file protein.pdb (PDB, C-alpha atoms, pLDDT in the B column)
MODEL        1
ATOM      1  CA  MET A  13    -143.455  89.416  54.274  1.00 51.00           C
ATOM      2  CA  PRO A  14    -139.903  90.845  54.200  1.00 55.00           C
ATOM      3  CA  THR A  15    -137.602  89.517  51.531  1.00 75.00           C
ATOM      4  CA  ALA A  16    -133.977  88.560  52.024  1.00 84.00           C
ATOM      5  CA  PRO A  17    -131.429  91.043  50.734  1.00 92.00           C
ATOM      6  CA  LEU A  18    -129.789  90.374  47.414  1.00 96.00           C
ATOM      7  CA  ARG A  19    -126.551  88.388  47.713  1.00 98.00           C
ATOM      8  CA  VAL A  20    -123.830  89.175  45.197  1.00 98.00           C
ATOM      9  CA  VAL A  21    -120.347  87.728  44.868  1.00 98.00           C
ATOM     10  CA  VAL A  22    -117.864  90.329  43.629  1.00 98.00           C
ATOM     11  CA  ALA A  23    -114.772  88.687  42.194  1.00 96.00           C
ATOM     12  CA  LYS A  24    -111.445  89.403  40.493  1.00 94.00           C
ATOM     13  CA  PRO A  25    -110.759  86.389  38.286  1.00 94.00           C
ATOM     14  CA  GLY A  26    -107.397  85.571  36.804  1.00 88.00           C
ATOM     15  CA  LEU A  27    -104.098  87.304  37.338  1.00 86.00           C
ATOM     16  CA  ASP A  28    -105.412  90.870  37.300  1.00 82.00           C
ATOM     17  CA  GLY A  29    -104.185  92.620  40.444  1.00 85.00           C
ATOM     18  CA  HIS A  30    -106.120  95.868  40.076  1.00 85.00           C
ATOM     19  CA  ASP A  31    -108.932  95.605  42.600  1.00 88.00           C
ATOM     20  CA  ARG A  32    -109.852  99.202  43.430  1.00 89.00           C
ATOM     21  CA  GLY A  33    -112.849  99.232  41.065  1.00 89.00           C
ATOM     22  CA  ALA A  34    -114.160  95.926  42.409  1.00 93.00           C
ATOM     23  CA  LYS A  35    -113.880  97.215  45.969  1.00 94.00           C
ATOM     24  CA  VAL A  36    -115.658 100.459  45.072  1.00 94.00           C
ATOM     25  CA  ILE A  37    -118.502  98.512  43.435  1.00 95.00           C
ATOM     26  CA  ALA A  38    -118.676  96.121  46.403  1.00 96.00           C
ATOM     27  CA  ARG A  39    -118.981  99.037  48.808  1.00 97.00           C
ATOM     28  CA  ALA A  40    -121.602 100.833  46.692  1.00 97.00           C
ATOM     29  CA  LEU A  41    -123.695  97.660  46.521  1.00 98.00           C
ATOM     30  CA  ARG A  42    -123.300  97.086  50.262  1.00 97.00           C
ATOM     31  CA  ASP A  43    -124.323 100.681  50.973  1.00 97.00           C
ATOM     32  CA  ALA A  44    -127.440 100.037  48.854  1.00 97.00           C
ATOM     33  CA  GLY A  45    -128.417  97.094  51.078  1.00 96.00           C
ATOM     34  CA  VAL A  46    -126.976  94.268  48.979  1.00 97.00           C
ATOM     35  CA  GLU A  47    -125.136  91.504  50.830  1.00 98.00           C
ATOM     36  CA  VAL A  48    -121.716  91.376  49.174  1.00 98.00           C
ATOM     37  CA  ILE A  49    -119.216  88.532  49.334  1.00 98.00           C
ATOM     38  CA  TYR A  50    -115.878  89.823  48.025  1.00 97.00           C
ATOM     39  CA  THR A  51    -113.600  86.956  47.016  1.00 95.00           C
ATOM     40  CA  GLY A  52    -110.355  88.883  46.727  1.00 90.00           C
ATOM     41  CA  LEU A  53    -107.718  88.748  44.018  1.00 93.00           C
ATOM     42  CA  HIS A  54    -106.609  85.935  41.720  1.00 93.00           C
ATOM     43  CA  GLN A  55    -109.688  83.719  41.860  1.00 94.00           C
ATOM     44  CA  THR A  56    -110.270  81.003  39.289  1.00 96.00           C
ATOM     45  CA  PRO A  57    -113.656  80.810  37.585  1.00 98.00           C
ATOM     46  CA  ALA A  58    -114.233  77.506  39.407  1.00 98.00           C
ATOM     47  CA  GLN A  59    -113.538  79.122  42.790  1.00 98.00           C
ATOM     48  CA  ILE A  60    -115.898  81.992  41.975  1.00 98.00           C
ATOM     49  CA  VAL A  61    -118.722  79.685  40.921  1.00 98.00           C
ATOM     50  CA  ALA A  62    -118.191  77.442  43.971  1.00 98.00           C
ATOM     51  CA  THR A  63    -118.391  80.479  46.236  1.00 98.00           C
ATOM     52  CA  ALA A  64    -121.549  81.750  44.543  1.00 98.00           C
ATOM     53  CA  VAL A  65    -123.263  78.365  44.799  1.00 98.00           C
ATOM     54  CA  GLN A  66    -122.161  77.822  48.411  1.00 98.00           C
ATOM     55  CA  GLU A  67    -123.257  81.334  49.422  1.00 97.00           C
ATOM     56  CA  ASP A  68    -126.612  80.997  47.581  1.00 97.00           C
ATOM     57  CA  ALA A  69    -125.763  84.150  45.652  1.00 98.00           C
ATOM     58  CA  ASP A  70    -128.213  85.870  43.346  1.00 98.00           C
ATOM     59  CA  GLY A  71    -125.471  87.343  41.201  1.00 98.00           C
ATOM     60  CA  ILE A  72    -121.778  87.394  40.375  1.00 98.00           C
ATOM     61  CA  GLY A  73    -120.040  90.645  39.546  1.00 98.00           C
ATOM     62  CA  LEU A  74    -116.721  90.181  37.770  1.00 97.00           C
ATOM     63  CA  SER A  75    -114.041  92.811  37.311  1.00 95.00           C
ATOM     64  CA  VAL A  76    -111.475  92.117  34.596  1.00 93.00           C
ATOM     65  CA  LEU A  77    -108.900  94.654  33.489  1.00 89.00           C
ATOM     66  CA  SER A  78    -106.267  92.190  32.248  1.00 89.00           C
ATOM     67  CA  GLY A  79    -107.681  91.631  28.764  1.00 90.00           C
ATOM     68  CA  ALA A  80    -108.703  88.053  29.580  1.00 92.00           C
ATOM     69  CA  HIS A  81    -112.408  88.932  29.759  1.00 94.00           C
ATOM     70  CA  MET A  82    -113.502  86.636  26.906  1.00 96.00           C
ATOM     71  CA  THR A  83    -112.031  83.559  28.580  1.00 96.00           C
ATOM     72  CA  LEU A  84    -112.864  84.388  32.195  1.00 96.00           C
ATOM     73  CA  PHE A  85    -116.452  85.641  31.784  1.00 97.00           C
ATOM     74  CA  THR A  86    -117.334  82.810  29.412  1.00 97.00           C
ATOM     75  CA  GLU A  87    -115.884  80.181  31.737  1.00 98.00           C
ATOM     76  CA  VAL A  88    -117.860  81.489  34.717  1.00 98.00           C
ATOM     77  CA  VAL A  89    -121.112  81.364  32.693  1.00 98.00           C
ATOM     78  CA  GLU A  90    -120.326  77.828  31.480  1.00 98.00           C
ATOM     79  CA  LEU A  91    -119.438  76.567  34.961  1.00 98.00           C
ATOM     80  CA  LEU A  92    -122.708  77.984  36.308  1.00 98.00           C
ATOM     81  CA  ARG A  93    -124.591  76.047  33.618  1.00 98.00           C
ATOM     82  CA  GLU A  94    -122.700  72.860  34.517  1.00 98.00           C
ATOM     83  CA  ALA A  95    -123.548  73.415  38.202  1.00 97.00           C
ATOM     84  CA  ASP A  96    -127.243  73.868  37.317  1.00 97.00           C
ATOM     85  CA  ALA A  97    -126.946  77.403  38.682  1.00 98.00           C
ATOM     86  CA  SER A  98    -127.767  79.474  35.611  1.00 96.00           C
ATOM     87  CA  ASP A  99    -130.213  81.463  37.740  1.00 97.00           C
ATOM     88  CA  ILE A 100    -127.169  83.259  39.203  1.00 98.00           C
ATOM     89  CA  VAL A 101    -126.913  86.431  37.117  1.00 98.00           C
ATOM     90  CA  VAL A 102    -123.434  87.285  35.824  1.00 98.00           C
ATOM     91  CA  PHE A 103    -122.521  90.919  35.256  1.00 98.00           C
ATOM     92  CA  GLY A 104    -119.254  92.727  35.235  1.00 96.00           C
ATOM     93  CA  GLY A 105    -116.984  95.437  34.127  1.00 95.00           C
ATOM     94  CA  GLY A 106    -113.609  96.322  32.819  1.00 92.00           C
ATOM     95  CA  ILE A 107    -111.905  97.590  29.736  1.00 90.00           C
ATOM     96  CA  ILE A 108    -113.829  95.597  27.156  1.00 94.00           C
ATOM     97  CA  PRO A 109    -114.033  96.439  23.440  1.00 95.00           C
ATOM     98  CA  TYR A 110    -117.533  96.847  22.013  1.00 94.00           C
ATOM     99  CA  GLY A 111    -117.274  93.748  19.804  1.00 95.00           C
ATOM    100  CA  ASP A 112    -116.334  91.639  22.800  1.00 97.00           C
ATOM    101  CA  ILE A 113    -119.244  93.086  24.790  1.00 97.00           C
ATOM    102  CA  VAL A 114    -121.660  91.854  22.125  1.00 97.00           C
ATOM    103  CA  GLN A 115    -120.156  88.352  22.204  1.00 97.00           C
ATOM    104  CA  LEU A 116    -120.164  88.210  26.005  1.00 98.00           C
ATOM    105  CA  LEU A 117    -123.806  89.267  26.173  1.00 98.00           C
ATOM    106  CA  GLU A 118    -124.653  86.564  23.633  1.00 97.00           C
ATOM    107  CA  SER A 119    -122.771  83.999  25.758  1.00 97.00           C
ATOM    108  CA  GLY A 120    -124.953  84.669  28.794  1.00 97.00           C
ATOM    109  CA  VAL A 121    -123.391  87.603  30.625  1.00 98.00           C
ATOM    110  CA  ALA A 122    -126.351  89.805  31.600  1.00 98.00           C
ATOM    111  CA  ALA A 123    -124.671  93.236  31.641  1.00 98.00           C
ATOM    112  CA  LEU A 124    -121.273  94.848  31.233  1.00 98.00           C
ATOM    113  CA  PHE A 125    -120.128  98.195  32.548  1.00 97.00           C
ATOM    114  CA  THR A 126    -117.134  99.961  31.059  1.00 94.00           C
ATOM    115  CA  PRO A 127    -115.053 102.862  32.357  1.00 91.00           C
ATOM    116  CA  GLY A 128    -117.270 105.877  32.875  1.00 91.00           C
ATOM    117  CA  ALA A 129    -120.249 103.927  34.202  1.00 95.00           C
ATOM    118  CA  SER A 130    -121.464 105.525  37.411  1.00 95.00           C
ATOM    119  CA  MET A 131    -121.843 103.711  40.702  1.00 95.00           C
ATOM    120  CA  GLN A 132    -125.505 104.689  40.639  1.00 97.00           C
ATOM    121  CA  GLU A 133    -125.931 103.043  37.227  1.00 97.00           C
ATOM    122  CA  VAL A 134    -124.374  99.790  38.447  1.00 97.00           C
ATOM    123  CA  VAL A 135    -126.322  99.751  41.724  1.00 97.00           C
ATOM    124  CA  GLU A 136    -129.622 100.494  39.966  1.00 97.00           C
ATOM    125  CA  TRP A 137    -129.015  97.745  37.411  1.00 98.00           C
ATOM    126  CA  VAL A 138    -128.113  95.191  40.082  1.00 98.00           C
ATOM    127  CA  THR A 139    -131.065  96.022  42.338  1.00 96.00           C
ATOM    128  CA  THR A 140    -133.426  95.929  39.350  1.00 96.00           C
ATOM    129  CA  HIS A 141    -132.150  92.869  37.463  1.00 96.00           C
ATOM    130  CA  VAL A 142    -130.529  90.547  39.996  1.00 96.00           C
ATOM    131  CA  GLY A 143    -132.526  88.348  42.318  1.00 88.00           C
ATOM    132  CA  LYS A 144    -134.423  85.130  42.466  1.00 55.00           C
ATOM    133  CA  THR A 145    -137.667  86.805  41.452  1.00 51.00           C
ATOM    134  CA  ASN A 146    -136.120  89.056  38.792  1.00 42.00           C
ATOM    135  CA  GLN A 147    -134.930  88.026  35.365  1.00 44.00           C
ATOM    136  CA  PRO A 148    -131.827  89.392  33.675  1.00 43.00           C
ATOM    137  CA  ALA A 149    -132.391  92.217  31.249  1.00 44.00           C
ATOM    138  CA  PRO A 150    -132.798  91.073  27.664  1.00 43.00           C
ATOM    139  CA  HIS A 151    -129.621  91.443  25.651  1.00 41.00           C
TER
ENDMDL
END
call {"tool": "encode", "arguments": {"input": "protein.pdb", "output": "structure tokens"}}
result
Amino acid sequence: MPTAPLRVVVAKPGLDGHDRGAKVIARALRDAGVEVIYTGLHQTPAQIVATAVQEDADGIGLSVLSGAHMTLFTEVVELLREADASDIVVFGGGIIPYGDIVQLLESGVAALFTPGASMQEVVEWVTTHVGKTNQPAPH
């Protein structure tokens, strides 16, 4: 029986206006057969979670380059819990210091990709770890 393609929301939370990386990731995922819903710039965590729930997404990919990653990633994870949607896997990327990466992974973010990560690495992680039948990688 064929399975439905993965559905991933790619989002730019907060005031960060640099969206090239998010668009490149969205295209790479789409080219790999993932259904991508790109939310555009300046989305609130609540808007992102509402979109993911409404679209029955398997994952949310966040791109944060503004330095607000601790607040924005954590809020998305918390809002998913409140919406009883913790099965939606949160991953993301940006310029994130190592110490913050550790804290974000402990808070429930499944994976973080920093500058230098290849598109292939991101696509392979998403197609391996995101989906209703897959579990996030252990932290």
call {"tool": "resolve_selection", "arguments": {"input": "protein.pdb", "expression": "the PyMOL selection byres ((chain A and resi 37) around 9)", "output": "VMD selection string"}}
result
chain A and resid 22 32 to 36 38 to 42 73 131 134 to 135
call {"tool": "residues_near_point", "arguments": {"input": "protein.pdb", "point": "(-112.1, 83.9, 24.4)", "cutoff": "12 Å", "atoms": "only C-alpha atoms", "output": "VMD selection string"}}
result
chain A and resid 79 to 87 112 to 113 115 to 116 119
call {"tool": "residues_around", "arguments": {"input": "protein.pdb", "residues": "A:Val121", "least_positions_apart": "3", "cutoff": "6 Å", "atoms": "all atoms listed in the file", "output": "list in words"}}
result
Val102, Phe103, Leu116 and Leu117 of chain A
call {"tool": "residues_near_point", "arguments": {"input": "protein.pdb", "point": "(-116.9, 84.2, 36.1)", "cutoff": "12 Å", "atoms": "only C-alpha atoms", "output": "VMD selection string"}}
result
chain A and resid 21 to 26 51 54 to 64 71 to 76 80 to 93 98 100 to 105 116 119 to 122
call {"tool": "resolve_selection", "arguments": {"input": "protein.pdb", "expression": "the PyMOL selection byres ((chain A and resi 126) around 9)", "output": "ChimeraX atom specification"}}
result
/A:104-109,124-125,127-129
call {"tool": "write_last_selection", "arguments": {"input": "protein.pdb", "atoms": "C-alpha atoms", "output": "PDB file, in the frame of the given file"}}
result
ATOM      1  CA  GLY A 104    -119.254  92.727  35.235  1.00 96.00           C
ATOM      2  CA  GLY A 105    -116.984  95.437  34.127  1.00 95.00           C
ATOM      3  CA  GLY A 106    -113.609  96.322  32.819  1.00 92.00           C
ATOM      4  CA  ILE A 107    -111.905  97.590  29.736  1.00 90.00           C
ATOM      5  CA  ILE A 108    -113.829  95.597  27.156  1.00 94.00           C
ATOM      6  CA  PRO A 109    -114.033  96.439  23.440  1.00 95.00           C
ATOM      7  CA  LEU A 124    -121.273  94.848  31.233  1.00 98.00           C
ATOM      8  CA  PHE A 125    -120.128  98.195  32.548  1.00 97.00           C
ATOM      9  CA  PRO A 127    -115.053 102.862  32.357  1.00 91.00           C
ATOM     10  CA  GLY A 128    -117.270 105.877  32.875  1.00 91.00           C
ATOM     11  CA  ALA A 129    -120.249 103.927  34.202  1.00 95.00           C
TER      12      ALA A 129
END
call {"tool": "resolve_selection", "arguments": {"input": "protein.pdb", "expression": "the PyMOL selection byres ((chain A and resi 29) around 9)", "output": "JSON, numbers by chain"}}
result
{"A": [24, 26, 27, 28, 30, 31, 53, 54, 77, 78]}
call {"tool": "atom_distance", "arguments": {"input": "protein.pdb", "atom1": "atom CA of A:Val46", "atom2": "atom CA of A:Thr139"}}
result
8.0 Å
call {"tool": "atom_distance", "arguments": {"input": "protein.pdb", "atom1": "atom CA of A:Val20", "atom2": "atom CA of A:Ile49"}}
result
6.2 Å
call {"tool": "atom_distance", "arguments": {"input": "protein.pdb", "atom1": "atom CA of A:Glu133", "atom2": "atom CA of A:Asp43"}}
result
14.0 Å
call {"tool": "axis_aligned_box", "arguments": {"input": "protein.pdb", "around": "stretch 59-78 of chain A", "padding_each_side": "5 Å", "output": "AutoDock Vina command-line options"}}
result
--center_x -117.2 --center_y 86.0 --center_z 40.8 --size_x 31.9 --size_y 27.2 --size_z 27.2
call {"tool": "closest_residue", "arguments": {"input": "protein.pdb", "among": "A:Gly111, A:Asp70, A:Gly52, A:Pro17", "to": "A:Val142", "atoms": "all atoms listed in the file"}}
result
A:Asp70
